[in-house]
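File shown: input.cif. Contents: mmCIF, C-alpha atoms and all ligand atoms.
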data_model
#
loop_
_atom_site.label_atom_id
_atom_site.label_comp_id
_atom_site.auth_asym_id
_atom_site.auth_seq_id
_atom_site.Cartn_x
_atom_site.Cartn_y
_atom_site.Cartn_z
CA MET A 444 -22.19 -10.14 -23.25
CA ALA A 445 -19.92 -7.09 -23.64
CA THR A 446 -16.21 -7.94 -23.61
CA GLN A 447 -13.04 -5.89 -23.20
CA SER A 448 -9.26 -6.03 -23.39
CA GLY A 449 -6.79 -6.60 -20.58
CA ILE A 450 -4.08 -8.90 -19.28
CA THR A 451 -4.87 -12.46 -18.15
CA ILE A 452 -2.82 -15.29 -16.61
CA ASP A 453 -3.97 -18.89 -17.21
CA GLY A 454 -2.48 -20.38 -14.00
CA PRO A 455 0.41 -20.07 -11.52
CA ASP A 456 3.66 -19.11 -13.31
CA LYS A 457 1.92 -18.87 -16.71
CA PRO A 458 2.81 -15.86 -18.87
CA TYR A 459 0.85 -12.62 -19.06
CA THR A 460 -1.41 -12.67 -22.14
CA ILE A 461 -3.11 -9.66 -23.70
CA VAL A 462 -6.68 -10.62 -24.66
CA SER A 463 -9.87 -8.86 -25.75
CA ASN A 464 -12.51 -11.31 -24.50
CA ILE A 465 -12.74 -10.46 -20.79
CA PRO A 466 -16.38 -10.06 -19.69
CA ARG A 467 -17.17 -6.45 -18.78
CA PRO A 468 -18.57 -6.44 -15.20
CA THR A 469 -21.80 -4.78 -14.03
CA PRO A 470 -21.77 -2.73 -10.80
CA GLY A 471 -23.60 -4.01 -7.72
CA PRO A 472 -25.66 -1.64 -5.51
CA LYS A 473 -22.71 0.19 -3.84
CA GLN A 474 -20.19 -0.36 -6.63
CA ALA A 475 -19.03 1.74 -9.57
CA LEU A 476 -17.76 0.70 -13.00
CA VAL A 477 -14.44 2.47 -13.58
CA LYS A 478 -12.32 2.97 -16.72
CA CYS A 479 -8.70 2.18 -15.89
CA LEU A 480 -6.52 5.25 -16.59
CA ALA A 481 -3.26 4.33 -14.82
CA VAL A 482 -1.80 1.68 -12.54
CA GLY A 483 0.97 1.72 -9.95
CA LEU A 484 2.98 -1.51 -9.76
CA ASN A 485 3.60 -3.38 -6.50
CA PRO A 486 5.56 -6.54 -5.53
CA VAL A 487 2.23 -8.38 -5.24
CA GLU A 488 1.74 -8.46 -9.03
CA PRO A 489 4.75 -10.70 -9.85
CA LEU A 490 4.06 -12.65 -6.65
CA GLN A 491 0.51 -13.42 -7.81
CA GLN A 492 1.66 -14.26 -11.34
CA HIS A 493 4.26 -16.72 -10.08
CA THR A 494 2.30 -18.32 -7.21
CA GLY A 495 -1.42 -17.68 -7.75
CA LEU A 496 -1.53 -16.16 -4.23
CA LEU A 497 -5.06 -15.03 -3.28
CA ILE A 498 -6.35 -15.67 -6.84
CA THR A 499 -9.84 -17.21 -6.79
CA GLU A 500 -10.58 -17.68 -10.50
CA TRP A 501 -8.64 -18.63 -13.67
CA PRO A 502 -7.85 -17.24 -16.14
CA ALA A 503 -7.04 -14.46 -13.68
CA VAL A 504 -6.92 -10.70 -14.14
CA ILE A 505 -4.68 -8.98 -11.58
CA GLY A 506 -3.53 -5.49 -10.54
CA SER A 507 -3.52 -3.51 -7.30
CA ASP A 508 -2.96 0.30 -7.37
CA PHE A 509 -5.19 2.09 -9.87
CA VAL A 510 -6.62 5.41 -10.99
CA GLY A 511 -9.89 5.33 -12.89
CA ALA A 512 -12.76 7.39 -14.25
CA VAL A 513 -16.22 6.46 -12.96
CA LEU A 514 -18.45 5.47 -15.90
CA GLU A 515 -21.49 4.04 -14.14
CA VAL A 516 -22.67 3.69 -10.54
CA GLY A 517 -24.89 1.14 -8.79
CA PRO A 518 -28.33 2.20 -7.49
CA GLU A 519 -27.20 2.64 -3.85
CA CYS A 520 -24.01 4.64 -4.49
CA ALA A 521 -24.01 7.82 -2.42
CA ARG A 522 -20.40 9.09 -2.75
CA LEU A 523 -19.52 8.48 -6.40
CA ARG A 524 -20.92 9.87 -9.62
CA PRO A 525 -20.08 9.31 -13.29
CA GLY A 526 -17.16 11.59 -14.17
CA ASP A 527 -15.42 11.30 -10.78
CA THR A 528 -11.79 10.20 -10.79
CA VAL A 529 -11.05 7.62 -8.11
CA TYR A 530 -7.93 5.86 -6.90
CA GLY A 531 -6.83 3.28 -4.38
CA CYS A 532 -5.89 -0.37 -4.12
CA ALA A 533 -8.09 -3.02 -5.69
CA PRO A 534 -9.32 -6.04 -3.71
CA LEU A 535 -7.00 -8.86 -4.85
CA GLY A 536 -7.86 -12.08 -6.61
CA GLN A 537 -11.34 -11.38 -8.00
CA ASN A 538 -11.41 -10.57 -11.72
CA ARG A 539 -14.22 -8.03 -11.58
CA PHE A 540 -12.19 -5.76 -9.24
CA ALA A 541 -8.84 -6.10 -11.07
CA PRO A 542 -7.34 -2.99 -12.75
CA PHE A 543 -5.38 -4.71 -15.57
CA GLN A 544 -8.44 -4.48 -17.88
CA GLU A 545 -10.34 -1.68 -19.64
CA THR A 546 -13.02 -1.38 -16.96
CA PHE A 547 -13.41 -2.89 -13.48
CA LEU A 548 -15.54 -2.47 -10.36
CA VAL A 549 -14.76 -0.53 -7.19
CA GLU A 550 -16.59 -0.66 -3.85
CA GLU A 551 -17.41 3.00 -3.29
CA GLY A 552 -16.65 2.86 0.45
CA VAL A 553 -12.96 1.97 0.09
CA VAL A 554 -11.77 4.24 -2.76
CA LEU A 555 -10.41 7.78 -2.65
CA LYS A 556 -11.79 10.61 -4.80
CA LYS A 557 -9.00 12.48 -6.58
CA GLY A 558 -8.65 16.19 -5.86
CA ASP A 559 -7.22 18.76 -8.30
CA ASN A 560 -3.96 19.01 -6.30
CA ILE A 561 -2.91 15.48 -7.36
CA SER A 562 -2.21 14.31 -10.93
CA ILE A 563 -3.40 10.97 -12.31
CA GLU A 564 0.16 9.62 -12.22
CA GLU A 565 0.67 10.76 -8.61
CA ALA A 566 -2.62 9.20 -7.54
CA ALA A 567 -1.42 5.86 -8.94
CA THR A 568 1.35 5.78 -6.29
CA VAL A 569 -0.94 5.94 -3.27
CA GLY A 570 -3.20 2.88 -2.93
CA ALA A 571 -1.45 -0.11 -1.33
CA GLY A 572 1.24 1.99 0.35
CA LEU A 573 -1.15 4.30 2.19
CA LEU A 574 -3.69 1.61 3.09
CA THR A 575 -1.06 -0.85 4.36
CA ALA A 576 0.75 1.80 6.40
CA GLY A 577 -2.65 2.87 7.73
CA LEU A 578 -3.47 -0.68 8.80
CA CYS A 579 -0.17 -1.03 10.68
CA LEU A 580 -0.12 2.38 12.36
CA LEU A 581 -3.79 3.26 12.83
CA ALA A 582 -5.33 -0.19 13.41
CA GLY A 583 -2.21 -1.91 14.74
CA ALA A 584 -0.36 0.74 16.75
CA GLY A 585 -3.22 2.99 17.85
CA LEU A 586 -2.13 6.20 16.07
CA LYS A 587 -4.84 8.69 15.13
CA LEU A 588 -4.84 11.17 12.24
CA SER A 589 -6.76 14.43 12.76
CA ASP A 590 -10.09 14.50 10.92
CA ASP A 591 -9.40 17.87 9.28
CA GLY A 592 -6.13 17.11 7.50
CA THR A 593 -3.87 19.07 9.85
CA ARG A 594 -0.71 17.74 11.46
CA ALA A 595 -1.12 16.88 15.16
CA PRO A 596 0.93 18.93 17.65
CA GLU A 597 4.53 17.68 17.98
CA LYS A 598 4.93 14.85 20.50
CA ASP A 599 8.11 14.06 22.41
CA GLU A 600 8.06 10.42 21.31
CA TRP A 601 9.57 8.40 18.47
CA VAL A 602 8.01 5.91 16.04
CA VAL A 603 10.53 3.58 14.38
CA VAL A 604 9.85 2.65 10.73
CA PHE A 605 11.83 -0.12 9.03
CA GLY A 606 12.01 0.65 5.30
CA GLY A 607 11.30 4.38 5.24
CA ALA A 608 12.27 4.69 1.56
CA GLY A 609 9.96 1.91 0.22
CA THR A 610 6.39 2.42 -0.98
CA VAL A 611 4.66 1.32 2.25
CA GLY A 612 7.50 2.82 4.29
CA GLN A 613 7.19 6.32 2.83
CA PHE A 614 3.51 6.38 3.76
CA ALA A 615 4.28 4.99 7.23
CA VAL A 616 6.77 7.82 7.80
CA GLN A 617 4.21 10.35 6.56
CA ILE A 618 1.40 9.02 8.78
CA ALA A 619 3.58 8.90 11.91
CA HIS A 620 4.84 12.42 11.16
CA ALA A 621 1.28 13.68 10.55
CA CYS A 622 0.28 12.20 13.92
CA GLY A 623 2.94 14.42 15.53
CA TYR A 624 5.65 11.81 16.24
CA LYS A 625 9.37 12.05 15.60
CA VAL A 626 10.24 9.31 13.11
CA LEU A 627 13.39 7.22 12.97
CA ALA A 628 13.45 5.33 9.66
CA SER A 629 15.76 2.61 8.33
CA CYS A 630 16.76 2.54 4.66
CA SER A 631 19.69 1.97 2.33
CA PRO A 632 22.17 4.81 2.99
CA SER A 633 21.78 5.99 -0.63
CA LYS A 634 18.03 6.51 -0.06
CA ASP A 635 17.98 8.46 3.19
CA SER A 636 16.87 11.65 1.40
CA ILE A 637 13.63 9.85 0.42
CA ALA A 638 12.83 8.95 4.03
CA LEU A 639 13.79 12.43 5.26
CA LYS A 640 11.61 14.06 2.58
CA SER A 641 8.65 11.99 3.80
CA GLY A 642 9.09 13.47 7.28
CA ALA A 643 11.65 11.28 9.04
CA THR A 644 13.75 13.11 11.62
CA ALA A 645 16.65 10.65 11.39
CA THR A 646 17.62 7.48 9.52
CA PHE A 647 19.77 4.39 10.07
CA ASN A 648 21.27 1.81 7.70
CA ASN A 649 18.93 -1.13 7.10
CA ARG A 650 21.84 -3.33 5.89
CA ALA A 651 23.97 -2.83 9.05
CA THR A 652 24.34 -5.70 11.53
CA VAL A 653 21.56 -6.34 14.04
CA ASP A 654 23.76 -4.99 16.86
CA ASP A 655 24.58 -1.83 14.90
CA GLN A 656 20.90 -1.20 14.09
CA LEU A 657 19.94 -1.72 17.76
CA ALA A 658 22.69 0.66 18.85
CA GLN A 659 21.45 3.33 16.41
CA ILE A 660 17.84 2.96 17.59
CA LYS A 661 18.94 3.30 21.22
CA LYS A 662 21.25 6.24 20.52
CA VAL A 663 18.75 8.29 18.49
CA THR A 664 15.58 7.63 20.51
CA GLY A 665 17.07 7.22 23.98
CA GLY A 666 14.51 4.41 24.37
CA ASN A 667 11.63 6.89 24.01
CA PHE A 668 9.52 4.82 21.63
CA ALA A 669 6.63 2.38 21.98
CA ARG A 670 5.76 1.67 18.34
CA MET A 671 7.71 -0.04 15.58
CA ILE A 672 6.54 -0.85 12.05
CA ASP A 673 8.35 -3.16 9.65
CA THR A 674 7.44 -2.31 6.04
CA THR A 675 10.21 -4.54 4.62
CA ALA A 676 9.57 -8.03 6.06
CA TYR A 677 13.26 -8.07 7.11
CA GLY A 678 12.90 -6.30 10.46
CA TYR A 679 11.10 -8.68 12.81
CA ASP A 680 14.02 -9.92 14.93
CA ILE A 681 15.41 -6.41 15.37
CA MET A 682 11.98 -5.07 16.35
CA VAL A 683 11.55 -7.71 19.06
CA LYS A 684 15.05 -7.06 20.42
CA ALA A 685 14.61 -3.27 20.28
CA LEU A 686 11.25 -3.35 22.04
CA GLU A 687 12.56 -5.76 24.68
CA THR A 688 15.95 -4.15 25.35
CA CYS A 689 15.75 -0.46 24.30
CA SER A 690 12.17 0.77 24.66
CA THR A 691 11.25 2.37 27.98
CA ALA A 692 7.49 2.36 27.16
CA ALA A 693 4.98 0.55 29.36
CA THR A 694 2.85 -0.57 26.38
CA LYS A 695 4.69 -1.68 23.23
CA TYR A 696 3.51 -2.27 19.64
CA LEU A 697 5.13 -4.36 16.91
CA THR A 698 3.44 -4.10 13.51
CA SER A 699 4.45 -5.63 10.20
CA VAL A 700 3.61 -6.09 6.53
CA ASP A 701 4.76 -9.69 6.93
CA ASP A 702 1.58 -11.72 7.29
CA TRP A 703 3.13 -14.97 6.05
CA SER A 704 6.14 -15.84 8.30
CA PRO A 705 5.84 -17.60 11.66
CA PHE A 706 6.19 -15.02 14.47
CA ASN A 707 6.81 -15.78 18.14
CA THR A 708 6.30 -12.35 19.67
CA PRO A 709 6.66 -12.09 23.48
CA SER A 710 3.25 -11.67 25.09
CA ALA A 711 4.22 -8.29 26.60
CA ILE A 712 4.34 -6.80 23.07
CA ASN A 713 1.16 -6.05 21.10
CA GLU A 714 1.55 -7.61 17.62
CA TYR A 715 -0.34 -6.61 14.47
CA ARG A 716 0.15 -7.80 10.89
CA ALA A 717 -1.44 -6.04 7.92
CA SER A 718 -3.60 -8.12 5.57
CA LEU A 719 -4.52 -5.72 2.81
CA GLY A 720 -4.87 -8.69 0.43
CA HIS A 721 -8.11 -9.55 2.25
CA LEU A 722 -9.75 -6.19 1.45
CA CYS A 723 -13.44 -6.65 0.56
CA ARG A 724 -13.44 -10.36 1.53
CA LEU A 725 -16.41 -9.78 3.78
CA ASP A 726 -17.03 -13.50 4.37
CA GLU A 727 -13.70 -13.75 6.28
CA SER A 728 -13.25 -12.17 9.73
CA THR A 729 -9.88 -10.62 8.75
CA GLY A 730 -11.30 -9.32 5.47
CA ALA A 731 -14.36 -7.85 7.16
CA GLN A 732 -12.20 -6.05 9.77
CA VAL A 733 -9.68 -4.71 7.21
CA THR A 734 -12.54 -3.45 5.01
CA GLN A 735 -14.33 -1.79 7.92
CA ASP A 736 -11.11 -0.13 9.13
CA ILE A 737 -10.22 1.23 5.69
CA ALA A 738 -13.76 2.45 4.98
CA GLY A 739 -13.57 4.38 8.27
CA TRP A 740 -10.38 6.20 7.23
CA ILE A 741 -11.26 7.23 3.65
CA SER A 742 -12.58 10.72 4.44
CA THR A 743 -9.63 11.33 6.79
CA PHE A 744 -7.12 10.23 4.14
CA GLU A 745 -8.87 12.47 1.57
CA ALA A 746 -8.60 15.41 3.98
CA HIS A 747 -4.86 14.83 4.53
CA LEU A 748 -4.17 14.29 0.81
CA GLY A 749 -6.13 17.51 0.17
CA THR A 750 -4.04 19.60 2.57
CA GLY A 751 -0.77 17.90 1.59
CA THR A 752 -0.11 16.50 5.08
CA LEU A 753 -0.07 13.16 3.24
CA ARG A 754 1.41 13.21 -0.26
CA PRO A 755 1.84 10.84 -3.23
CA ILE A 756 5.37 9.44 -3.50
CA GLU A 757 7.97 9.90 -6.24
CA TYR A 758 7.48 7.68 -9.28
CA GLN A 759 8.86 6.86 -12.69
CA LEU A 760 6.33 6.95 -15.53
CA PHE A 761 6.88 3.95 -17.76
CA ASP A 762 7.14 4.46 -21.54
CA GLY A 763 3.99 4.04 -23.62
CA ILE A 764 0.32 3.59 -22.83
CA GLY A 765 -1.44 0.22 -22.58
CA TRP A 766 -1.13 -3.41 -21.55
CA GLU A 767 2.24 -4.06 -23.28
CA SER A 768 3.69 -1.26 -21.17
CA VAL A 769 2.16 -2.74 -18.00
CA ILE A 770 3.81 -6.10 -18.71
CA LYS A 771 7.17 -4.41 -19.42
CA GLY A 772 6.76 -2.38 -16.23
CA ILE A 773 6.28 -5.56 -14.17
CA GLN A 774 9.41 -7.02 -15.77
CA GLU A 775 11.31 -3.86 -14.80
CA LEU A 776 9.99 -4.15 -11.23
CA GLU A 777 11.09 -7.79 -11.06
CA SER A 778 14.55 -6.93 -12.38
CA GLY A 779 15.13 -4.85 -9.23
CA LYS A 780 16.42 -1.96 -11.37
CA ALA A 781 13.56 0.47 -10.67
CA ALA A 782 14.72 3.22 -8.32
CA LYS A 783 11.19 4.57 -7.81
CA LYS A 784 7.63 3.32 -7.88
CA ILE A 785 6.59 2.44 -11.44
CA VAL A 786 3.44 4.05 -12.82
CA VAL A 787 1.96 3.06 -16.20
CA ARG A 788 -0.77 4.84 -18.14
CA THR A 789 -3.24 2.27 -19.46
CA GLN A 790 -5.77 4.29 -21.51
CA ALA A 791 -6.28 7.88 -22.60
CA GLU A 792 -8.79 9.86 -20.52
N1 LIG A 801 0.62 -7.72 4.26
C1 LIG A 801 0.16 -6.71 3.53
O1 LIG A 801 -1.00 -6.27 3.66
C2 LIG A 801 1.08 -6.04 2.55
C3 LIG A 801 0.61 -4.97 1.77
C4 LIG A 801 1.52 -4.32 0.91
C5 LIG A 801 2.83 -4.77 0.81
N2 LIG A 801 3.22 -5.85 1.54
C6 LIG A 801 4.62 -6.32 1.49
O2 LIG A 801 5.39 -5.27 2.04
C7 LIG A 801 6.71 -5.31 1.52
C8 LIG A 801 7.09 -3.92 1.04
O3 LIG A 801 6.25 -3.53 -0.02
P1 LIG A 801 6.56 -2.19 -0.82
O4 LIG A 801 5.53 -2.06 -1.85
O5 LIG A 801 6.81 -1.08 0.12
O6 LIG A 801 7.94 -2.60 -1.52
P2 LIG A 801 9.19 -1.69 -1.95
O7 LIG A 801 8.75 -0.31 -2.28
O8 LIG A 801 9.92 -2.48 -2.96
O9 LIG A 801 10.07 -1.58 -0.63
C9 LIG A 801 10.86 -2.64 -0.20
C10 LIG A 801 11.49 -2.24 1.12
O10 LIG A 801 12.29 -3.33 1.61
C11 LIG A 801 13.58 -2.85 1.95
N3 LIG A 801 14.55 -3.94 1.77
C12 LIG A 801 14.78 -4.63 0.64
N4 LIG A 801 15.75 -5.57 0.86
C13 LIG A 801 16.11 -5.44 2.17
C14 LIG A 801 17.05 -6.12 3.00
N5 LIG A 801 17.81 -7.12 2.54
N6 LIG A 801 17.16 -5.73 4.29
C15 LIG A 801 16.38 -4.72 4.79
N7 LIG A 801 15.48 -4.03 4.04
C16 LIG A 801 15.34 -4.41 2.75
C17 LIG A 801 13.82 -1.67 1.03
O11 LIG A 801 14.76 -0.78 1.60
P3 LIG A 801 15.79 0.11 0.71
O12 LIG A 801 15.18 0.27 -0.64
O13 LIG A 801 15.94 1.38 1.45
O14 LIG A 801 17.04 -0.70 0.68
C18 LIG A 801 12.43 -1.04 1.00
O15 LIG A 801 12.21 -0.23 2.13
C19 LIG A 801 6.69 -6.37 0.41
O16 LIG A 801 7.18 -7.58 0.95
C20 LIG A 801 5.19 -6.52 0.11
O17 LIG A 801 4.90 -7.77 -0.44
C21 LIG A 801 2.39 -6.49 2.41
#

For this file, write the structure as structure tokens.
Amino acid sequence: MATQSGITIDGPDKPYTIVSNIPRPTPGPKQALVKCLAVGLNPVEPLQQHTGLLITEWPAVIGSDFVGAVLEVGPECARLRPGDTVYGCAPLGQNRFAPFQETFLVEEGVVLKKGDNISIEEAATVGAGLLTAGLCLLAGAGLKLSDDGTRAPEKDEWVVVFGGAGTVGQFAVQIAHACGYKVLASCSPSKDSIALKSGATATFNNRATVDDQLAQIKKVTGGNFARMIDTTAYGYDIMVKALETCSTAATKYLTSVDDWSPFNTPSAINEYRASLGHLCRLDESTGAQVTQDIAGWISTFEAHLGTGTLRPIEYQLFDGIGWESVIKGIQELESGKAAKKIVVRTQAE
């Protein structure tokens, strides 16, 4: 059996170990074997290392956002060919799909093909952020991106995004903007230029009191909003209050990245929670729905990333190439010192 190098974890809260005996996977009919070129780091990596969340086999290989070169394709692959560069977010918890190893598998229906207008490092910033924002806004709040990559005509309606300067938040702002909405985004005051650069029309302070945030939402939108997305997991109570007391819409949508806390949303509000961690878990109803939704948006996302209506986000490239650098990058992420998304190159092209 061919083996390869990568990072493994022996159990919850066990250290990252660099090994060279990971079995090299073989692609199934609609899968491709991909050489890992770069990874983007997300909060889910330290979360999985500490808790074992969503991990189904030990020792575990983890990783979420990736860019890779297609080496081999399964017999029923129609979109991908050897030599293509692909990117996206890996299905979590199954070693054969995990990017923190030399090669891993992708399901061809849920990955993006990289165009020449995006670098490898930029592509590593896109996966989880774009797909999670897509789940909340397209599946959860009924927004629709044009098929041809153009921005929809301007609408006289606001979408409110909590966390417009975070990874998921920047993509949420971009999607709402591309769908033609005016976007009001919350963020730390020092980061409002990030949210504005993504397409927000106005921002408010996400550390202000609940009353102050509600007052800002009411003042800026005049109540002319039906859809709110929380990309921070801190915004639920404010969203419920804002939708109940400020919004003048007849149909209201509350969407969130928080799929773990108890919610008690009033029945008059449509609630949706993203579950990207269930991608490609086709034996679960949530996993099957998430996978079907994302597969249906891939060509649209590629069109918008091609025209630049949707764009990769700013990143910091971590020093060095390889697994040591990935582990140091995760430590930097956990320290809370990283001002931008961390990207790490894992192997030369
Ligand atoms: N359920 C799913 O499918 C799914 C998928 C992906 C991610 N997630 C979760 O989504 C969350 C965001 O992920 P991410 O990758 O976008 O992380 P990120 O880039 O680190 O962004 C974190 C966001 O949280 C905000 N924030 C931090 N502390 C806050 C506080 N005390 N009050 C209000 N806002 C605060 C930050 O705002 P400022 O930086 O402007 O202060 C920023 O917008 C994480 O909890 C992640 O685990 C869930």

**Q.** Distance in Å - atom CA of Thr610 of chain A versus atom O15 of ligand LIG 801 (chain A)
**A.** 7.1 Å

Q: Identify, counting only C-alpha atoms and all ligand atoms, the protein, DNA and RNA residues located within 9 Å of ligand LIG 801 (chain A), and give them as a ChimeraX atom specification.
A: /A:484-487,490,571-572,574-576,578-579,605-614,629-635,637-638,648-651,673-678,699-703,716-721,776,779,782-784

Show me, as AutoDock Vina command-line options, the centre and edge lengths in Å to one decimal of the axis-aligned box that covers every listed atom of segment 675-682 of chain A with 8 Å on each side.
--center_x 12.5 --center_y -7.2 --center_z 10.5 --size_x 21.8 --size_y 21.4 --size_z 27.7

Q) What lies within 10 Å of Ala711 of chain A using all atoms listed in the file, ignoring chain neighbours under 6 positions off, as a ChimeraX atom specification? A) /A:686-687,693-696

Q: Have a look at atom CA of Ile618 of chain A and atom CA of Asp736 of chain A and let me know their distance in Å, one decimal.
A: 15.5 Å

Q) How many Å separate atom CA of Ala615 of chain A from atom CA of Asp680 of chain A? A)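 Spanning atom CA of Ala615 of chain A to atom CA of Asp680 of chain A is a straight-line distance of 19.4 Å.
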
Q: Kindly indicate which residue among A:Leu725, A:Leu586, A:Ala643, A:Ala566 lies nearest to Val603 of chain A, using all atoms listed in the file for the distances.
A: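 Answer, going by the shortest atom-to-atom distance: A:Ala643.
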